[in-house]
Amino acid sequence: MEEFNKLKKLTEDKYKNIGSVFSPALKSKVVFNSDGFHHFRYDGSRSERGKKAQQNKFRFFDKAIDILKLSTTIQEYRRSICPVGESDKSGFRKTKIIEWFAFFSIISFSKQTRIKVVVRRIGEYTGQFHFWSVMPFWTLSNNNKVVGSNDIIDG
């Protein structure tokens with residue numbers, strides 16, 4: 001538990017000091033606001049994530065910054081209309097278009113580690129890009145981690 005708290009504090013301090021980074025893929029700056037750090041700790045239903053999931057996000061955070069600075073291609077894109085903010089007295093919640101942009105990077109071939117970095121934008125063209133998440137990302141094949149496709153070997 002003490003190791004977890006140290007890692008959390010270290011990551012939080014780094015996070016607060018970044019401000020923003022320029023993303024060549026988005027041709028814009030990506031802001032590191034409180035939403036992204038909150039998403040490290042809590043899921044969409046506002047429940048706290050497990051300590052291991054949080055630890056993974058904290059551990060890969062430095063790599064996420066590098067990936068955003070270097071990546072020139074958006075590898076995944078999603079767009080949806082979602083409720084934002086609190087409900088008013090009648091129970092009505094405003095909705096906005098939310099976009100998610102993902103970047104993948106293999107950070108270790110020997111350890112078969114690939115991570116996914118997600119940037120979010122609320123309000124489509126008028127919204128500001130902000131850091132949303134980082135997570136280990138791989139597929140399992142016969143209980144082995146697979147970092148990429150075998151097509152290149154078979155092709």
# chains A, B, ... in the order shown; residues from 1 in each chain; ligands from 1

$ residues_around --residues "A:Asn33" --least-positions-apart "3" --cutoff "10 Å" --atoms "only C-alpha atoms" --output "list of chain:residue names"
A:Tyr15, A:Lys16, A:Ile18, A:Gly19, A:Ser20, A:Val30, A:Gly36, A:Phe37, A:His38, A:Phe129, A:His130, A:Phe131, A:Trp132

$ residues_around --residues "stretch 46-60 of chain A" --least-positions-apart "3" --cutoff "8 Å" --atoms "only C-alpha atoms" --output "VMD selection string"
chain A and resid 4 7 to 8 11 40 to 43 63 to 64 115 133 to 136

$ closest_residue --among "A:Tyr77, A:Arg121, A:Ser108, A:Leu70" --to "A:Val21" --atoms "only C-alpha atoms"
A:Leu70

$ select_by_dssp --residues "chain A" --states "alpha helix (DSSP H)" --output "ChimeraX atom specification"
/A:2-18,34-41,51-59,61-70,151-154

$ write_last_selection --atoms "C-alpha atoms" --output "PDB file, in the first residue's frame"
ATOM      1  CA  GLU A   2       2.847   2.371   0.798  1.00  0.00           C
ATOM      2  CA  GLU A   3       4.420   1.721  -2.629  1.00  0.00           C
ATOM      3  CA  PHE A   4       1.073   2.445  -4.298  1.00  0.00           C
ATOM      4  CA  ASN A   5       0.702   5.767  -2.429  1.00  0.00           C
ATOM      5  CA  LYS A   6       4.249   6.834  -3.360  1.00  0.00           C
ATOM      6  CA  LEU A   7       3.653   6.037  -7.035  1.00  0.00           C
ATOM      7  CA  LYS A   8       0.304   7.852  -6.973  1.00  0.00           C
ATOM      8  CA  LYS A   9       1.819  10.968  -5.376  1.00  0.00           C
ATOM      9  CA  LEU A  10       4.787  10.987  -7.774  1.00  0.00           C
ATOM     10  CA  THR A  11       2.484  10.639 -10.806  1.00  0.00           C
ATOM     11  CA  GLU A  12       0.082  13.289  -9.504  1.00  0.00           C
ATOM     12  CA  ASP A  13       2.939  15.771  -9.011  1.00  0.00           C
ATOM     13  CA  LYS A  14       4.250  15.143 -12.554  1.00  0.00           C
ATOM     14  CA  TYR A  15       0.733  15.389 -13.954  1.00  0.00           C
ATOM     15  CA  LYS A  16       0.025  18.744 -12.306  1.00  0.00           C
ATOM     16  CA  ASN A  17       3.304  20.216 -13.605  1.00  0.00           C
ATOM     17  CA  ILE A  18       2.866  19.315 -17.290  1.00  0.00           C
ATOM     18  CA  SER A  34      -7.977  17.285 -13.599  1.00  0.00           C
ATOM     19  CA  ASP A  35     -10.338  15.114 -15.708  1.00  0.00           C
ATOM     20  CA  GLY A  36      -7.507  12.874 -16.904  1.00  0.00           C
ATOM     21  CA  PHE A  37      -6.023  12.268 -13.470  1.00  0.00           C
ATOM     22  CA  HIS A  38      -9.496  11.608 -12.066  1.00  0.00           C
ATOM     23  CA  HIS A  39     -10.011   9.032 -14.844  1.00  0.00           C
ATOM     24  CA  PHE A  40      -6.806   7.267 -13.697  1.00  0.00           C
ATOM     25  CA  ARG A  41      -8.475   6.667 -10.342  1.00  0.00           C
ATOM     26  CA  LYS A  51      -5.253  -0.640  -7.193  1.00  0.00           C
ATOM     27  CA  LYS A  52      -3.546  -2.762  -9.873  1.00  0.00           C
ATOM     28  CA  ALA A  53      -5.366  -0.925 -12.702  1.00  0.00           C
ATOM     29  CA  GLN A  54      -4.461   2.445 -11.168  1.00  0.00           C
ATOM     30  CA  GLN A  55      -0.868   1.340 -10.691  1.00  0.00           C
ATOM     31  CA  ASN A  56      -0.610   0.350 -14.373  1.00  0.00           C
ATOM     32  CA  LYS A  57      -1.864   3.767 -15.425  1.00  0.00           C
ATOM     33  CA  PHE A  58       0.568   5.530 -13.077  1.00  0.00           C
ATOM     34  CA  ARG A  59       3.486   3.354 -14.184  1.00  0.00           C
ATOM     35  CA  PHE A  61       2.226   7.765 -17.563  1.00  0.00           C
ATOM     36  CA  ASP A  62       5.740   8.980 -18.543  1.00  0.00           C
ATOM     37  CA  LYS A  63       5.581   6.893 -21.727  1.00  0.00           C
ATOM     38  CA  ALA A  64       2.168   8.381 -22.542  1.00  0.00           C
ATOM     39  CA  ILE A  65       3.649  11.884 -22.619  1.00  0.00           C
ATOM     40  CA  ASP A  66       6.406  10.753 -25.011  1.00  0.00           C
ATOM     41  CA  ILE A  67       3.887   8.999 -27.273  1.00  0.00           C
ATOM     42  CA  LEU A  68       1.724  12.122 -27.514  1.00  0.00           C
ATOM     43  CA  LYS A  69       4.754  14.247 -28.393  1.00  0.00           C
ATOM     44  CA  LEU A  70       6.034  11.838 -31.054  1.00  0.00           C
ATOM     45  CA  ASP A 151       0.600 -11.125 -40.767  1.00  0.00           C
ATOM     46  CA  ILE A 152       4.062  -9.631 -41.252  1.00  0.00           C
ATOM     47  CA  ILE A 153       5.657 -13.024 -40.497  1.00  0.00           C
ATOM     48  CA  ASP A 154       3.218 -14.987 -42.625  1.00  0.00           C
TER      49      ASP A 154
END
